[in-house]
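Data first, discussion second: the structure below is written as C-alpha cells.
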Amino acid sequence: MTDLQPAHAASVLFEQLTGHAPAGIWSAPGRVNLIGEHTDYNDGFVLPFAIPHRTYAAVGMRDDDRIRVASTFAADAPVEVALAELTTLFPTRAGEEPAVAEWAAYPLGVAWALQLAGAAGAGVDIAISSDVPVGAGLSSSAAIESATASALNDLWDAGLDRTALARIGRRSENEAVGAPTGIMDQMASMLGEPDAAIFLDCRTLDANLVRVGVAEAGLAILVMDTRVQHSHSTGGYRERRDSCEHGAAIMGVPSLRDVSVDDLARAEGLMDDVTFRRVRHVVTENQRVLDTVSTLRESGARAIGDLLVASHASMRDDFEISVPELDTAVDAALAAGAIGARMTGGGFGGAAIALVEEESVPAVSDAVTAAFAASGFASPHIFTVTPAAGARRDS
Ligand code: ADP
Ligand code: MG
C-alpha cells in the first residue's frame with residue numbers, strides 16, 4: 001500500500017519499473033450496487049453506480065513482445081510473460097489456481113481476452129494503484145479490469161466500445177481468474193456517469209442511465225465496509241449460481257429472468273425448499289429493480305427505502321448470502337434512522353449501503369460503529385459515496 005494518491009502512485013511505480021514515464025494513465029472506478037443482487041447471471045436487471053474510488057493504470061509500450069504487470073497492492077514482484085504465452089496460461093480451469101499470482105491474472109487475463117477478440121499489439125508495461133477497497137464488495141476487480149482494458153484498447157488500437165470492453169473484463173475474471181461473476185460490475189465501471197445509476201438489462205446489455213438525485217434530495221449514501229473479506233472464486237457464490245440454473249431448468253426456462261412473481265406459487269410445488277428460496281430471491285429482486293427504477297423516476301430517492309430493506313431481507317433469508325456483520329450494519333443503520341439499507345455486492349462479507357438524511361450521516365455512522373463494538377466485531381470502515389464517472393483516460 002502507499003500514501004500517494006493512486007494516480008501518482010501508479011506513475012511512480014511505472015517509473016521505478018521502467019526508468020521512464022508512462023505513455024498515459026487510464027482509470028476506472030469501483031461500484032456500489034443500489035439494488036439487484038445475483039440477478040446479473042440470471043439474465044435479469046441490476047442498478048449499480050460507479051463510485052469516486054478508482055484504480056489507475058500507468059501504461060507504456062515496450063520494444064519487445066512481452067507484457068509486465070505490477071501493482072502497489074501486491075508485495076509480490078512484478079509478473080512478466082511473453083504475449084504469445086498468454087494462451088498457454090489461460091483459461092484457468094474451475095477450482096484451479098491461476099498459473100500466475102491471482103492479482104496478476106486480472107490484468108493479464110484482460111490482455112489475453114483482448115487477443116482472443118482479435119486485438120494485438122506490441123509489448124506493454126502496466127503499473128497499477130488503487131483506492132478502491134479490495135475484497136469489500138465494491139468491485140476492485142472490475143476496476144482493475146476496466147482500467148487495463150481501456151488502456152490496452154487505446155494503445156493497441158483495438159477500437160472496442162465500452163460494452164465490448166466490459167465483456168473483456170468479465171472474460172478475464174471468469175476464465176483467467178476463475179471467478180464465475182456476472183457482467184454487472186464491469187458495465188458499471190465502464191459506463192458510470194456522475195449522479196446516475198446504470199439500469200442494466202443483463203440479457204440484452206441494454207443500459208439506461210437513471211438519475212439518482214441523492215444530494216438534491218438532501219440525502220447521502222453511506223458505505224459500511226464490514227472488513228469481512230469475501231471471495232467469489234470459492235464455494236458459496238458458485239453454489240448459488242448452480243441453484244439458480246437448477247431452478248430455471250425445473251421451470252423449463254433458459255434463465256430465472258423468465259420467471260415472474262406470479263409464477264412463484266407454481267415454482268414452490270416443483271422444487272425443494274432451498275432451490276425455491278434461491279429462485280424466489282432472484283425473481284423478487286428483479287421486480288424490486290424495476291420498481292426502484294420507476295420509483296426513482298417518479299418520486300425520487302427518498303421513496304426507495306422500503307425496496308432496499310426488502311432486498312436485504314431476501315438476501316439474508318432466501319438467498320442466505322449475508323453474514324452477521326452485514327445484518328448488524330443494516331439493522332443498526334435503520335434503527336438510527338436510515339431511510340433504507342442493504343448489503344451490496346455478492347455477499348459473504350463485504351459492504352452494506354444505507355440511504356440516510358445528509359444531516360444524520362454522523363449519527364448513523366456512530367450507531368453502526370457502536371453496534372459493531374457491542375457485538376465484538378472489528379471496527380467497520382464507513383464513508384459516503386456519490387455516483388461518479390466511469391472508465392477514462394486521465395493523461
Ligand atoms: P472486490 O471486487 O469486491 O474488491 P474480488 O475478490 O472480486 O473483490 O477482487 C479482489 C481481487 O482483485 C484482489 O484480491 C486482487 O487479486 C485483485 N485486485 C483488485 N484491485 C487490485 C489492485 N489494485 N492491484 C492488484 N490486484 C487487484
Ligand atoms: Mg469483484
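Chain labels follow the order of the C-alpha cells: the first chain is A, the next B, and so on; residue numbering restarts at 1 in every chain, and ligands are counted from 1 in their shown order.
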Could you list the protein, DNA and RNA residues that have any atom within 9 Å of ligand 2, counting only C-alpha atoms and all ligand atoms, and write them as a PyMOL selection string? chain A and resi 30+134-143+173+179+181+185+231-232+345-346
Using only C-alpha atoms, determine which residues lie at most 7 Å from Ala338 of chain A, disregarding the query and same-chain residues fewer than 6 positions distant; provide the list as a list in words. Ala354, Leu355 and Val356 of chain A
Can you write out the residues you just picked, keeping N, CA and C atoms, as a short mmCIF file (atom, residue, chain, number, x, y, z; two decimals), in the first residue's frame?
data_model
loop_
_atom_site.label_atom_id
_atom_site.label_comp_id
_atom_site.auth_asym_id
_atom_site.auth_seq_id
_atom_site.Cartn_x
_atom_site.Cartn_y
_atom_site.Cartn_z
N ALA A 354 -26.36 2.36 3.11
CA ALA A 354 -27.54 2.94 3.76
C ALA A 354 -27.85 4.26 3.09
N LEU A 355 -29.12 4.49 2.87
CA LEU A 355 -29.60 5.78 2.34
C LEU A 355 -30.04 6.59 3.55
N VAL A 356 -29.40 7.72 3.76
CA VAL A 356 -29.64 8.48 5.00
C VAL A 356 -29.82 9.97 4.71
#
Closest of A:Glu325, A:Asp206, A:Asp131, A:Glu85 to ligand 1 - atom-to-atom distances counting only C-alpha atoms and all ligand atoms: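 Nearest to ligand 1: A:Asp131.
Using only C-alpha atoms, the contacts of Glu268 of chain A at a cut-off of 12 Å, with sequence neighbours closer than 2 positions omitted, comprise Gly247, Ile250, Met251, Val261, Asp262, Asp263, Leu264, Ala265, Arg266, Leu270, Met271, Asp272, Asp273, Val274, Thr275, Phe276, Arg277, Arg278, Val279 and Arg280 of chain A.
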How would the residues just chosen look if you wrote them out with N, CA and C atoms as an mmCIF file, in the first residue's frame?
data_model
loop_
_atom_site.group_PDB
_atom_site.id
_atom_site.type_symbol
_atom_site.label_atom_id
_atom_site.label_comp_id
_atom_site.auth_asym_id
_atom_site.auth_seq_id
_atom_site.Cartn_x
_atom_site.Cartn_y
_atom_site.Cartn_z
ATOM 1 N N GLY A 247 -32.971 -24.292 -10.673
ATOM 2 C CA GLY A 247 -34.342 -23.771 -10.585
ATOM 3 C C GLY A 247 -34.901 -23.430 -11.960
ATOM 4 N N ILE A 250 -35.812 -26.609 -13.822
ATOM 5 C CA ILE A 250 -37.077 -27.186 -13.340
ATOM 6 C C ILE A 250 -38.268 -26.405 -13.902
ATOM 7 N N MET A 251 -38.112 -25.092 -13.993
ATOM 8 C CA MET A 251 -39.211 -24.263 -14.512
ATOM 9 C C MET A 251 -39.281 -24.320 -16.042
ATOM 10 N N VAL A 261 -43.033 -13.005 -10.745
ATOM 11 C CA VAL A 261 -43.522 -13.142 -9.372
ATOM 12 C C VAL A 261 -44.786 -14.005 -9.343
ATOM 13 N N ASP A 262 -45.619 -13.875 -10.371
ATOM 14 C CA ASP A 262 -46.855 -14.665 -10.421
ATOM 15 C C ASP A 262 -46.608 -16.164 -10.596
ATOM 16 N N ASP A 263 -45.415 -16.510 -11.091
ATOM 17 C CA ASP A 263 -45.102 -17.942 -11.296
ATOM 18 C C ASP A 263 -44.619 -18.615 -10.009
ATOM 19 N N LEU A 264 -44.383 -17.818 -8.949
ATOM 20 C CA LEU A 264 -43.707 -18.383 -7.777
ATOM 21 C C LEU A 264 -44.531 -19.461 -7.080
ATOM 22 N N ALA A 265 -45.844 -19.274 -7.056
ATOM 23 C CA ALA A 265 -46.687 -20.273 -6.383
ATOM 24 C C ALA A 265 -46.506 -21.639 -7.053
ATOM 25 N N ARG A 266 -46.460 -21.623 -8.374
ATOM 26 C CA ARG A 266 -46.253 -22.878 -9.112
ATOM 27 C C ARG A 266 -44.860 -23.425 -8.841
ATOM 28 N N LEU A 270 -42.801 -27.337 -7.261
ATOM 29 C CA LEU A 270 -41.990 -28.137 -8.189
ATOM 30 C C LEU A 270 -40.584 -28.443 -7.670
ATOM 31 N N MET A 271 -40.144 -27.743 -6.626
ATOM 32 C CA MET A 271 -38.732 -27.886 -6.244
ATOM 33 C C MET A 271 -38.558 -27.939 -4.739
ATOM 34 N N ASP A 272 -37.358 -28.349 -4.328
ATOM 35 C CA ASP A 272 -37.067 -28.413 -2.895
ATOM 36 C C ASP A 272 -37.025 -27.005 -2.313
ATOM 37 N N ASP A 273 -37.107 -26.929 -0.998
ATOM 38 C CA ASP A 273 -37.233 -25.635 -0.319
ATOM 39 C C ASP A 273 -36.052 -24.709 -0.593
ATOM 40 N N VAL A 274 -34.832 -25.255 -0.540
ATOM 41 C CA VAL A 274 -33.661 -24.384 -0.729
ATOM 42 C C VAL A 274 -33.674 -23.807 -2.143
ATOM 43 N N THR A 275 -33.865 -24.655 -3.142
ATOM 44 C CA THR A 275 -33.882 -24.159 -4.529
ATOM 45 C C THR A 275 -34.988 -23.129 -4.700
ATOM 46 N N PHE A 276 -36.157 -23.408 -4.098
ATOM 47 C CA PHE A 276 -37.259 -22.462 -4.236
ATOM 48 C C PHE A 276 -36.897 -21.104 -3.650
ATOM 49 N N ARG A 277 -36.262 -21.094 -2.490
ATOM 50 C CA ARG A 277 -35.928 -19.797 -1.878
ATOM 51 C C ARG A 277 -34.879 -19.053 -2.709
ATOM 52 N N ARG A 278 -33.945 -19.779 -3.309
ATOM 53 C CA ARG A 278 -32.975 -19.120 -4.201
ATOM 54 C C ARG A 278 -33.718 -18.485 -5.393
ATOM 55 N N VAL A 279 -34.655 -19.251 -5.937
ATOM 56 C CA VAL A 279 -35.440 -18.758 -7.079
ATOM 57 C C VAL A 279 -36.262 -17.537 -6.652
ATOM 58 N N ARG A 280 -36.894 -17.641 -5.494
ATOM 59 C CA ARG A 280 -37.743 -16.529 -5.051
ATOM 60 C C ARG A 280 -36.920 -15.253 -4.867
#
Polymer residues at most 7 Å from Ala389 of chain A, only C-alpha atoms, same-chain spacing of 4 or more positions, as a list in words: Ala50, Gly192, Glu193 and Pro194 of chain A
Within 10 Å of segment 207-222 of chain A, counting only C-alpha atoms, which residues show up once you throw out same-chain ones fewer than 5 positions away? Write them as a ChimeraX atom specification, please. /A:32,34,45-47,49,163,187-188,191-202,293-294,296-297,300-302,333,338-341,351-361,364-365,382-387
Run DSSP on the backbone and tell me which residues of segment 64-206 of chain A come out as helix (DSSP H, G or I); list them as JSON, numbers by chain. {"A": [83, 84, 85, 86, 87, 88, 89, 102, 103, 104, 105, 106, 107, 108, 109, 110, 111, 112, 113, 114, 115, 116, 140, 141, 142, 143, 144, 145, 146, 147, 148, 149, 150, 151, 152, 153, 154, 155, 162, 163, 164, 165, 166, 167, 168, 169, 170, 171, 172, 173, 174, 175, 176, 177, 184, 185, 186, 187, 188, 189, 190, 191]}
Same residues, C-alpha atoms, saved as a tab-separated table (two decimals), in the first residue's frame:
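Written output follows (result-v2.tsv):
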chain	number	residue	atom	x	y	z
A	83	LEU	CA	2.35	-12.02	-25.05
A	84	ALA	CA	2.38	-15.25	-27.03
A	85	GLU	CA	2.48	-17.18	-23.76
A	86	LEU	CA	-0.87	-15.84	-22.52
A	87	THR	CA	-2.82	-18.52	-24.37
A	88	THR	CA	-0.83	-21.18	-22.53
A	89	LEU	CA	-1.59	-19.62	-19.11
A	102	GLU	CA	-4.00	-14.27	-8.62
A	103	TRP	CA	-3.89	-10.46	-8.71
A	104	ALA	CA	-1.83	-10.59	-11.92
A	105	ALA	CA	-4.41	-12.84	-13.59
A	106	TYR	CA	-6.85	-9.88	-13.67
A	107	PRO	CA	-4.77	-7.57	-15.91
A	108	LEU	CA	-3.01	-10.38	-17.82
A	109	GLY	CA	-6.41	-12.00	-18.37
A	110	VAL	CA	-7.61	-8.76	-19.91
A	111	ALA	CA	-4.69	-8.80	-22.37
A	112	TRP	CA	-5.46	-12.43	-23.14
A	113	ALA	CA	-9.18	-11.75	-23.70
A	114	LEU	CA	-8.29	-8.84	-25.99
A	115	GLN	CA	-6.05	-11.16	-28.00
A	116	LEU	CA	-8.94	-13.62	-28.34
A	140	SER	CA	-11.92	-3.52	-7.12
A	141	SER	CA	-11.81	-6.45	-9.55
A	142	ALA	CA	-13.88	-4.69	-12.23
A	143	ALA	CA	-11.90	-1.50	-11.60
A	144	ILE	CA	-8.55	-3.19	-12.37
A	145	GLU	CA	-10.05	-4.98	-15.38
A	146	SER	CA	-11.69	-1.87	-16.81
A	147	ALA	CA	-8.64	0.35	-16.30
A	148	THR	CA	-6.42	-2.23	-18.00
A	149	ALA	CA	-8.90	-2.90	-20.82
A	150	SER	CA	-9.29	0.83	-21.52
A	151	ALA	CA	-5.52	1.34	-21.67
A	152	LEU	CA	-4.84	-1.62	-23.96
A	153	ASN	CA	-7.83	-0.76	-26.16
A	154	ASP	CA	-6.24	2.64	-26.80
A	155	LEU	CA	-2.61	1.56	-27.05
A	162	ARG	CA	-17.42	0.30	-23.67
A	163	THR	CA	-19.76	-2.67	-23.66
A	164	ALA	CA	-17.24	-4.78	-25.53
A	165	LEU	CA	-14.56	-3.77	-23.02
A	166	ALA	CA	-16.88	-4.76	-20.16
A	167	ARG	CA	-17.16	-8.21	-21.77
A	168	ILE	CA	-13.36	-8.39	-21.99
A	169	GLY	CA	-13.10	-7.65	-18.26
A	170	ARG	CA	-15.71	-10.22	-17.43
A	171	ARG	CA	-13.97	-12.84	-19.55
A	172	SER	CA	-10.75	-12.19	-17.65
A	173	GLU	CA	-12.49	-12.55	-14.31
A	174	ASN	CA	-14.45	-15.67	-15.32
A	175	GLU	CA	-11.83	-17.52	-17.31
A	176	ALA	CA	-8.40	-16.19	-16.31
A	177	VAL	CA	-9.10	-15.67	-12.58
A	184	MET	CA	-22.75	-6.03	-13.80
A	185	ASP	CA	-19.52	-4.82	-12.23
A	186	GLN	CA	-17.67	-4.28	-15.49
A	187	MET	CA	-20.62	-2.47	-17.08
A	188	ALA	CA	-20.91	-0.15	-14.06
A	189	SER	CA	-17.18	0.55	-14.11
A	190	MET	CA	-17.16	1.21	-17.87
A	191	LEU	CA	-20.43	3.19	-18.15
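Atom pair atom CA of Leu205 of chain A / atom CA of Leu160 of chain A: separated by 15.2 Å.
Minimum distance to ligand 1 across A:Leu290, A:Ala127, A:Ile51, A:Ala267 (counting only C-alpha atoms and all ligand atoms) occurs at A:Ala127.
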Just give me the gap between atom CA of Asp43 of chain A and atom 19 (C, counted along the ligand's line) of ligand 1 in Å, one decimal is fine. 25.3 Å
Find, counting only C-alpha atoms, the residue in A:Ala21, A:Ala94, A:Leu256, A:Ile35 that gets nearest to Ile304 of chain A.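 Among A:Ala21, A:Ala94, A:Leu256, A:Ile35, it is A:Ile35 that comes nearest to Ile304 of chain A.
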I'd like the interatomic distance between atom CA of Pro254 of chain A and atom CA of Gly44 of chain A, to a tenth of an Å.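 Straight-line distance from atom CA of Pro254 of chain A to atom CA of Gly44 of chain A works out to 11.7 Å.
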All strand (DSSP E or B) residues (DSSP, backbone) inside segment 229-389 of chain A, as a list in words: Gly340, Ala341, Arg342, Met343, Thr344, Ala351, Ala352, Ile353, Ala354, Leu355, Val356, Glu357, His381, Ile382, Phe383, Thr384 and Val385 of chain A
Go ahead and write the selection's residues with N, CA and C atoms as a compact mmCIF listing (two decimals), in the first residue's frame.
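Final output, saved to result10.txt:
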# COMPACT_ATOMS: atom_id res chain seq x y z
N GLY A 340 -33.24 3.55 4.21
CA GLY A 340 -33.17 2.19 3.69
C GLY A 340 -31.74 1.71 3.83
N ALA A 341 -31.55 0.39 3.84
CA ALA A 341 -30.19 -0.16 3.91
C ALA A 341 -30.21 -1.59 3.42
N ARG A 342 -29.11 -2.00 2.82
CA ARG A 342 -28.99 -3.38 2.34
C ARG A 342 -27.52 -3.73 2.14
N MET A 343 -27.22 -5.00 2.21
CA MET A 343 -25.88 -5.41 1.80
C MET A 343 -25.76 -5.19 0.30
N THR A 344 -24.55 -4.95 -0.17
CA THR A 344 -24.35 -4.72 -1.60
C THR A 344 -23.21 -5.62 -2.08
N ALA A 351 -19.53 -5.13 1.92
CA ALA A 351 -20.10 -3.89 2.41
C ALA A 351 -21.62 -3.87 2.33
N ALA A 352 -22.21 -3.02 3.18
CA ALA A 352 -23.62 -2.68 3.08
C ALA A 352 -23.72 -1.20 2.77
N ILE A 353 -24.88 -0.80 2.23
CA ILE A 353 -25.11 0.64 1.99
C ILE A 353 -26.33 1.08 2.80
N ALA A 354 -26.36 2.36 3.11
CA ALA A 354 -27.54 2.94 3.76
C ALA A 354 -27.85 4.26 3.09
N LEU A 355 -29.12 4.49 2.87
CA LEU A 355 -29.60 5.78 2.34
C LEU A 355 -30.04 6.59 3.55
N VAL A 356 -29.40 7.72 3.76
CA VAL A 356 -29.64 8.48 5.00
C VAL A 356 -29.82 9.97 4.71
N GLU A 357 -30.51 10.65 5.61
CA GLU A 357 -30.56 12.11 5.55
C GLU A 357 -29.14 12.62 5.71
N HIS A 381 -15.45 0.23 8.28
CA HIS A 381 -14.92 1.40 7.57
C HIS A 381 -16.13 2.05 6.90
N ILE A 382 -16.48 3.27 7.34
CA ILE A 382 -17.73 3.90 6.89
C ILE A 382 -17.42 5.20 6.15
N PHE A 383 -17.99 5.35 4.97
CA PHE A 383 -17.77 6.58 4.19
C PHE A 383 -18.96 6.79 3.25
N THR A 384 -19.08 8.03 2.76
CA THR A 384 -20.17 8.32 1.83
C THR A 384 -19.66 8.21 0.39
N VAL A 385 -20.56 7.89 -0.52
CA VAL A 385 -20.21 7.86 -1.95
C VAL A 385 -21.27 8.61 -2.74
